[in-house]
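One file, upload10.txt, is given below (compact mmCIF, C-alpha atoms).
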```
# COMPACT_ATOMS: atom_id res chain seq x y z
CA MET Z 1 -4.62 -10.30 11.64
CA LEU Z 2 -1.33 -12.09 10.96
CA LYS Z 3 -2.79 -15.61 10.77
CA ASN Z 4 -1.66 -17.36 7.55
CA ILE Z 5 0.18 -14.20 6.45
CA GLU Z 6 3.52 -14.74 4.69
CA ALA Z 7 4.32 -11.11 3.82
CA VAL Z 8 3.37 -7.68 5.16
CA LEU Z 9 3.49 -4.92 2.55
CA PHE Z 10 3.54 -1.26 3.54
CA ASP Z 11 2.73 1.86 1.67
CA LEU Z 12 5.35 4.39 2.79
CA ASP Z 13 3.94 7.90 3.18
CA GLY Z 14 1.25 8.16 5.81
CA SER Z 15 1.24 4.41 6.42
CA LEU Z 16 4.74 3.52 7.62
CA VAL Z 17 6.15 7.03 8.17
CA ASP Z 18 4.57 10.38 9.04
CA SER Z 19 5.46 12.28 5.89
CA MET Z 20 2.31 13.44 4.12
CA TRP Z 21 2.90 17.02 5.33
CA VAL Z 22 6.19 17.07 3.38
CA TRP Z 23 4.52 16.90 -0.01
CA ARG Z 24 2.03 19.67 0.62
CA ASP Z 25 4.92 21.93 1.65
CA ILE Z 26 6.88 20.92 -1.46
CA ASP Z 27 3.90 21.49 -3.76
CA ILE Z 28 3.46 25.00 -2.35
CA GLU Z 29 7.15 25.82 -2.69
CA TYR Z 30 7.56 24.23 -6.12
CA LEU Z 31 4.50 25.80 -7.73
CA GLY Z 32 5.39 29.10 -6.08
CA LYS Z 33 8.58 29.22 -8.17
CA PHE Z 34 6.35 29.49 -11.21
CA GLY Z 35 3.98 31.99 -9.59
CA ILE Z 36 1.24 29.38 -9.20
CA PRO Z 37 -0.76 29.14 -5.94
CA LEU Z 38 -1.55 25.66 -4.61
CA PRO Z 39 -4.99 24.68 -5.97
CA GLU Z 40 -7.58 23.44 -3.50
CA GLY Z 41 -7.85 19.65 -3.62
CA LEU Z 42 -4.59 19.04 -5.53
CA GLN Z 43 -3.44 16.34 -3.09
CA SER Z 44 -6.67 14.40 -3.64
CA GLU Z 45 -6.26 14.58 -7.41
CA ILE Z 46 -2.76 13.06 -7.36
CA GLU Z 47 -3.34 10.43 -4.64
CA GLY Z 48 -1.86 7.09 -5.65
CA MET Z 49 -0.07 8.37 -8.75
CA SER Z 50 3.51 7.22 -9.21
CA PHE Z 51 6.32 9.78 -8.98
CA THR Z 52 6.52 9.91 -12.79
CA GLU Z 53 2.73 10.07 -13.25
CA THR Z 54 2.61 12.99 -10.80
CA ALA Z 55 5.33 14.84 -12.71
CA GLU Z 56 3.46 14.28 -15.98
CA TYR Z 57 0.25 15.54 -14.36
CA PHE Z 58 1.99 18.69 -13.04
CA LYS Z 59 3.66 19.38 -16.38
CA LYS Z 60 0.39 19.22 -18.29
CA LYS Z 61 -1.89 20.91 -15.74
CA PHE Z 62 0.47 23.76 -14.78
CA GLU Z 63 2.40 23.98 -18.08
CA ILE Z 64 5.74 23.47 -16.31
CA PRO Z 65 8.57 24.18 -18.79
CA ASP Z 66 11.08 21.75 -17.21
CA SER Z 67 11.50 18.14 -18.32
CA ILE Z 68 9.88 15.30 -16.35
CA GLU Z 69 13.32 14.14 -15.16
CA GLN Z 70 14.24 17.64 -14.01
CA MET Z 71 10.98 17.97 -12.11
CA LYS Z 72 11.55 14.66 -10.33
CA ALA Z 73 15.15 15.61 -9.49
CA ASP Z 74 13.95 18.94 -8.06
CA TRP Z 75 11.33 17.20 -5.90
CA ASN Z 76 13.88 14.67 -4.63
CA ARG Z 77 16.26 17.48 -3.73
CA MET Z 78 13.53 19.46 -1.97
CA ALA Z 79 12.38 16.42 0.01
CA TRP Z 80 15.81 15.03 0.90
CA ASP Z 81 16.46 17.12 4.02
CA LYS Z 82 12.91 16.69 5.31
CA TYR Z 83 13.01 12.91 4.90
CA THR Z 84 16.48 12.69 6.44
CA HIS Z 85 15.82 14.81 9.51
CA HIS Z 86 12.11 15.39 10.06
CA VAL Z 87 10.14 12.26 9.06
CA PRO Z 88 9.51 9.73 11.87
CA LEU Z 89 8.04 6.24 11.80
CA LYS Z 90 4.36 5.94 12.66
CA LYS Z 91 3.75 5.18 16.33
CA GLY Z 92 4.56 1.53 17.09
CA ALA Z 93 5.76 0.82 13.53
CA ARG Z 94 9.35 -0.08 14.50
CA GLU Z 95 8.17 -2.65 17.04
CA PHE Z 96 5.69 -4.13 14.56
CA VAL Z 97 8.28 -4.37 11.78
CA GLU Z 98 10.72 -6.06 14.16
CA HIS Z 99 8.00 -8.47 15.34
CA CYS Z 100 7.22 -9.52 11.77
CA TYR Z 101 10.88 -9.93 10.90
CA GLU Z 102 11.64 -11.99 14.00
CA ASN Z 103 8.67 -14.26 13.26
CA GLY Z 104 9.63 -15.02 9.67
CA ILE Z 105 7.08 -12.77 7.99
CA ARG Z 106 8.63 -11.16 4.94
CA LEU Z 107 8.39 -7.40 4.57
CA GLY Z 108 7.94 -5.20 1.53
CA ILE Z 109 7.26 -1.59 0.59
CA ALA Z 110 4.96 -0.59 -2.27
CA THR Z 111 5.01 3.16 -2.74
CA SER Z 112 4.22 5.99 -5.12
CA ASN Z 113 7.33 7.81 -3.87
CA SER Z 114 10.76 7.76 -5.51
CA ARG Z 115 13.23 4.96 -4.80
CA GLU Z 116 15.88 7.47 -3.70
CA LEU Z 117 13.67 8.86 -0.95
CA VAL Z 118 12.35 5.47 0.17
CA GLU Z 119 15.82 4.00 0.59
CA ASN Z 120 17.02 7.19 2.26
CA VAL Z 121 14.31 7.35 4.90
CA ILE Z 122 14.25 3.66 5.86
CA GLY Z 123 18.05 3.73 6.00
CA VAL Z 124 18.07 6.76 8.30
CA LEU Z 125 15.38 5.14 10.47
CA GLY Z 126 17.43 1.94 10.75
CA ILE Z 127 14.90 -0.49 9.28
CA LYS Z 128 16.21 -0.99 5.73
CA ASP Z 129 17.71 -4.43 6.41
CA TYR Z 130 14.33 -5.83 7.45
CA PHE Z 131 12.80 -5.45 3.98
CA ASP Z 132 12.90 -8.04 1.21
CA GLY Z 133 11.44 -5.93 -1.56
CA ILE Z 134 10.92 -2.25 -2.35
CA VAL Z 135 8.69 -1.44 -5.31
CA THR Z 136 7.81 2.04 -6.55
CA GLY Z 137 5.01 3.08 -8.87
CA CYS Z 138 7.65 3.81 -11.50
CA ASP Z 139 8.70 0.13 -11.48
CA VAL Z 140 5.33 -1.05 -12.83
CA SER Z 141 2.93 -0.16 -15.63
CA LYS Z 142 0.30 1.61 -13.55
CA GLY Z 143 0.26 3.36 -10.17
CA LYS Z 144 -2.39 2.91 -7.49
CA PRO Z 145 -5.34 2.17 -7.52
CA ALA Z 146 -4.13 -0.44 -10.03
CA PRO Z 147 -2.83 -3.55 -8.20
CA ASP Z 148 0.50 -3.69 -10.07
CA VAL Z 149 2.76 -2.29 -7.35
CA TYR Z 150 1.41 -4.67 -4.70
CA LEU Z 151 1.54 -7.71 -6.96
CA GLU Z 152 5.18 -6.94 -7.76
CA ALA Z 153 6.00 -6.43 -4.07
CA ALA Z 154 4.45 -9.81 -3.22
CA LYS Z 155 6.47 -11.43 -5.99
CA ARG Z 156 9.70 -9.96 -4.66
CA CYS Z 157 8.83 -11.21 -1.19
CA GLY Z 158 8.10 -14.68 -2.54
CA ALA Z 159 4.52 -14.64 -1.27
CA THR Z 160 1.18 -15.32 -2.92
CA PRO Z 161 -1.27 -12.37 -2.93
CA GLU Z 162 -3.84 -14.09 -0.73
CA LYS Z 163 -1.17 -14.50 1.98
CA CYS Z 164 -0.20 -10.82 2.00
CA LEU Z 165 -1.37 -8.11 4.39
CA VAL Z 166 -1.22 -4.50 3.17
CA PHE Z 167 -1.05 -1.34 5.30
CA GLU Z 168 -2.42 1.76 3.55
CA ASP Z 169 -3.56 5.25 4.54
CA ILE Z 170 -5.44 6.44 1.43
CA VAL Z 171 -8.38 5.11 -0.55
CA PRO Z 172 -6.52 4.53 -3.88
CA GLY Z 173 -3.94 2.45 -2.00
CA ILE Z 174 -6.60 0.41 -0.23
CA LEU Z 175 -8.27 -0.23 -3.58
CA ALA Z 176 -4.91 -1.31 -5.02
CA GLY Z 177 -4.35 -3.83 -2.23
CA LYS Z 178 -7.86 -5.25 -2.53
CA ALA Z 179 -7.58 -5.44 -6.33
CA ALA Z 180 -4.40 -7.48 -5.81
CA GLY Z 181 -6.41 -9.99 -3.78
CA MET Z 182 -4.78 -9.11 -0.46
CA LYS Z 183 -6.00 -8.35 3.03
CA VAL Z 184 -5.78 -4.61 3.75
CA CYS Z 185 -5.44 -2.74 7.02
CA ALA Z 186 -6.22 0.98 6.80
CA VAL Z 187 -4.00 3.27 8.86
CA GLU Z 188 -5.29 6.51 10.31
CA ASP Z 189 -3.39 9.59 9.19
CA GLU Z 190 -4.05 13.28 9.74
CA TYR Z 191 -3.99 14.04 6.02
CA SER Z 192 -6.62 11.45 5.12
CA HIS Z 193 -8.74 11.77 8.26
CA HIS Z 194 -11.66 12.95 6.14
CA GLN Z 195 -11.59 9.56 4.35
CA ASN Z 196 -11.88 7.50 7.56
CA TYR Z 197 -15.45 6.32 6.93
CA GLU Z 198 -14.62 5.14 3.40
CA LYS Z 199 -11.29 3.67 4.52
CA LYS Z 200 -13.03 1.58 7.19
CA LYS Z 201 -15.68 0.46 4.72
CA LEU Z 202 -13.19 -0.66 2.06
CA SER Z 203 -10.56 -2.31 4.25
CA ASP Z 204 -10.48 -5.49 6.32
CA TYR Z 205 -9.02 -3.77 9.39
CA PHE Z 206 -8.47 -0.23 10.66
CA ILE Z 207 -5.85 0.99 13.16
CA ARG Z 208 -5.00 4.36 14.62
CA ASP Z 209 -1.37 3.26 15.13
CA TYR Z 210 0.71 0.08 15.30
CA ASP Z 211 0.66 0.04 19.10
CA GLU Z 212 -2.92 -1.27 18.74
CA ILE Z 213 -1.57 -4.37 17.00
CA MET Z 214 1.36 -4.83 19.36
CA ALA Z 215 -1.01 -4.72 22.34
CA VAL Z 216 -2.73 -7.92 21.20
CA LEU Z 217 0.19 -9.89 19.76
```
Once you've parsed the file, please lay out its structure as structure tokens.
Amino acid sequence: MLKNIEAVLFDLDGSLVDSMWVWRDIDIEYLGKFGIPLPEGLQSEIEGMSFTETAEYFKKKFEIPDSIEQMKADWNRMAWDKYTHHVPLKKGAREFVEHCYENGIRLGIATSNSRELVENVIGVLGIKDYFDGIVTGCDVSKGKPAPDVYLEAAKRCGATPEKCLVFEDIVPGILAGKAAGMKVCAVEDEYSHHQNYEKKKLSDYFIRDYDEIMAVL
């Protein structure tokens, strides 16, 4: 898997850390403030959108009166405690990140989440210093499934796309990595378990956790 790979690029939520549950809880709480129940399938509709794109989608769909910046600030505030105290790394991820770092493979994060939360969680988990580049969907023109965020992450890591390996847990992210011309490893996650067949079909590799990789390195 790592042969001829110069950079490993991770999606954050559901791929590097177990955090997908956070956003469903936040959506319920946030919409509840406006007396709106969580619609069935909302998470699928916003998969891959950048933080800003998601706020714009919410504002239009649910007629939220607050500004986009206020919405994003509220979401960051609501997520801060959960990311600081309740979001762990995926099983085996720390060992895999350390292995890559120690073997000269550059590391990047390409996420739809906000920069504040990304830097907070990887700082709390003690892995921030391993990463060469952190790119959010708000840093580029288009969020996933467009390839922009992965192409920018590769650039910041000083690697060519064909020598990058992406880890993703949802279909739009897998499509983004493939559209960028990269190898993609799909990661199993409870919140996208129903996509496993499609994830396996679209990706180059599939793992249940990073211990699977460490067992053969």
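Ranking Z:Glu152, Z:Phe131, Z:Glu45, Z:Glu212 by their shortest atom-to-atom distance to Cys100 in chain Z, with all atoms listed in the file included, puts Z:Phe131 first.
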Can you list, as a ChimeraX atom specification, every protein, DNA or RNA residue that comes within 10 Å of range 139-149 of chain Z when you count only C-alpha atoms, leaving out same-chain residues fewer than 6 positions away?
/Z:11,47-54,109-112,114-115,155,170-182
CA of Gly126 in chain Z to CA of Ser19 in chain Z: how many Å, to one decimal?
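Separating CA of Gly126 in chain Z from CA of Ser19 in chain Z is a distance of 16.5 Å.
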Do a neighbour search on range 75-83 of chain Z at 12 Å with all atoms listed in the file, toss out local chain neighbours closer than 6 positions, and write the hits as a PyMOL selection string.
chain Z and resi 12-13+17-31+51-52+54-55+58+68-69+89+113-125
Selected residues written out, C-alpha atoms, as a PDB file, in the coordinates of the input:
```pdb
ATOM      1  CA  LEU Z  12       5.350   4.390   2.790  1.00  0.00           C
ATOM      2  CA  ASP Z  13       3.940   7.900   3.180  1.00  0.00           C
ATOM      3  CA  VAL Z  17       6.150   7.030   8.170  1.00  0.00           C
ATOM      4  CA  ASP Z  18       4.570  10.380   9.040  1.00  0.00           C
ATOM      5  CA  SER Z  19       5.460  12.280   5.890  1.00  0.00           C
ATOM      6  CA  MET Z  20       2.310  13.440   4.120  1.00  0.00           C
ATOM      7  CA  TRP Z  21       2.900  17.020   5.330  1.00  0.00           C
ATOM      8  CA  VAL Z  22       6.190  17.070   3.380  1.00  0.00           C
ATOM      9  CA  TRP Z  23       4.520  16.900  -0.010  1.00  0.00           C
ATOM     10  CA  ARG Z  24       2.030  19.670   0.620  1.00  0.00           C
ATOM     11  CA  ASP Z  25       4.920  21.930   1.650  1.00  0.00           C
ATOM     12  CA  ILE Z  26       6.880  20.920  -1.460  1.00  0.00           C
ATOM     13  CA  ASP Z  27       3.900  21.490  -3.760  1.00  0.00           C
ATOM     14  CA  ILE Z  28       3.460  25.000  -2.350  1.00  0.00           C
ATOM     15  CA  GLU Z  29       7.150  25.820  -2.690  1.00  0.00           C
ATOM     16  CA  TYR Z  30       7.560  24.230  -6.120  1.00  0.00           C
ATOM     17  CA  LEU Z  31       4.500  25.800  -7.730  1.00  0.00           C
ATOM     18  CA  PHE Z  51       6.320   9.780  -8.980  1.00  0.00           C
ATOM     19  CA  THR Z  52       6.520   9.910 -12.790  1.00  0.00           C
ATOM     20  CA  THR Z  54       2.610  12.990 -10.800  1.00  0.00           C
ATOM     21  CA  ALA Z  55       5.330  14.840 -12.710  1.00  0.00           C
ATOM     22  CA  PHE Z  58       1.990  18.690 -13.040  1.00  0.00           C
ATOM     23  CA  ILE Z  68       9.880  15.300 -16.350  1.00  0.00           C
ATOM     24  CA  GLU Z  69      13.320  14.140 -15.160  1.00  0.00           C
ATOM     25  CA  LEU Z  89       8.040   6.240  11.800  1.00  0.00           C
ATOM     26  CA  ASN Z 113       7.330   7.810  -3.870  1.00  0.00           C
ATOM     27  CA  SER Z 114      10.760   7.760  -5.510  1.00  0.00           C
ATOM     28  CA  ARG Z 115      13.230   4.960  -4.800  1.00  0.00           C
ATOM     29  CA  GLU Z 116      15.880   7.470  -3.700  1.00  0.00           C
ATOM     30  CA  LEU Z 117      13.670   8.860  -0.950  1.00  0.00           C
ATOM     31  CA  VAL Z 118      12.350   5.470   0.170  1.00  0.00           C
ATOM     32  CA  GLU Z 119      15.820   4.000   0.590  1.00  0.00           C
ATOM     33  CA  ASN Z 120      17.020   7.190   2.260  1.00  0.00           C
ATOM     34  CA  VAL Z 121      14.310   7.350   4.900  1.00  0.00           C
ATOM     35  CA  ILE Z 122      14.250   3.660   5.860  1.00  0.00           C
ATOM     36  CA  GLY Z 123      18.050   3.730   6.000  1.00  0.00           C
ATOM     37  CA  VAL Z 124      18.070   6.760   8.300  1.00  0.00           C
ATOM     38  CA  LEU Z 125      15.380   5.140  10.470  1.00  0.00           C
TER      39      LEU Z 125
END
```
Nearest to Val8 in chain Z among Z:Gly32, Z:Pro65, Z:Pro39, Z:Gly133, with distances taken over all atoms listed in the file: which residue is it?
Z:Gly133
I'd like the interatomic distance between CA of Asn196 in chain Z and CA of Lys183 in chain Z, to a tenth of an Å.
17.5 Å
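Compared by their closest atoms to Asn4 in chain Z, and using all atoms listed in the file, the residues Z:Arg208, Z:His86, Z:Lys163, Z:His194 rank with Z:Lys163 nearest.
Shortest separation to Gly14 in chain Z among Z:Lys201, Z:Val87, Z:Leu217, Z:Lys128 occurs at residue Z:Val87, atoms counted being only C-alpha atoms.
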Residue neighbourhood Val184 in chain Z, 6 Å, all atoms listed in the file, exclusion window fewer than 2 positions, as JSON, numbers by chain:
{"Z": [165, 166, 167, 203, 204]}
Using only C-alpha atoms, please write the residues we just selected to a file, as a tab-separated table (two decimals), in the coordinates of the input.
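Saved to part.tsv:
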```tsv
chain	number	residue	atom	x	y	z
Z	165	LEU	CA	-1.37	-8.11	4.39
Z	166	VAL	CA	-1.22	-4.50	3.17
Z	167	PHE	CA	-1.05	-1.34	5.30
Z	203	SER	CA	-10.56	-2.31	4.25
Z	204	ASP	CA	-10.48	-5.49	6.32
```
Glu6 in chain Z surroundings by only C-alpha atoms, 9 Å radius, close-in-sequence under 6 positions cut, as a list of chain:residue names:
Z:Gly104, Z:Ile105, Z:Arg106, Z:Leu107, Z:Cys157, Z:Gly158, Z:Ala159, Z:Thr160, Z:Lys163, Z:Cys164, Z:Leu165
Two-atom distance - CA of Lys3 in chain Z, CA of Tyr101 in chain Z (Å):
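Separation of CA of Lys3 in chain Z and CA of Tyr101 in chain Z: 14.8 Å.
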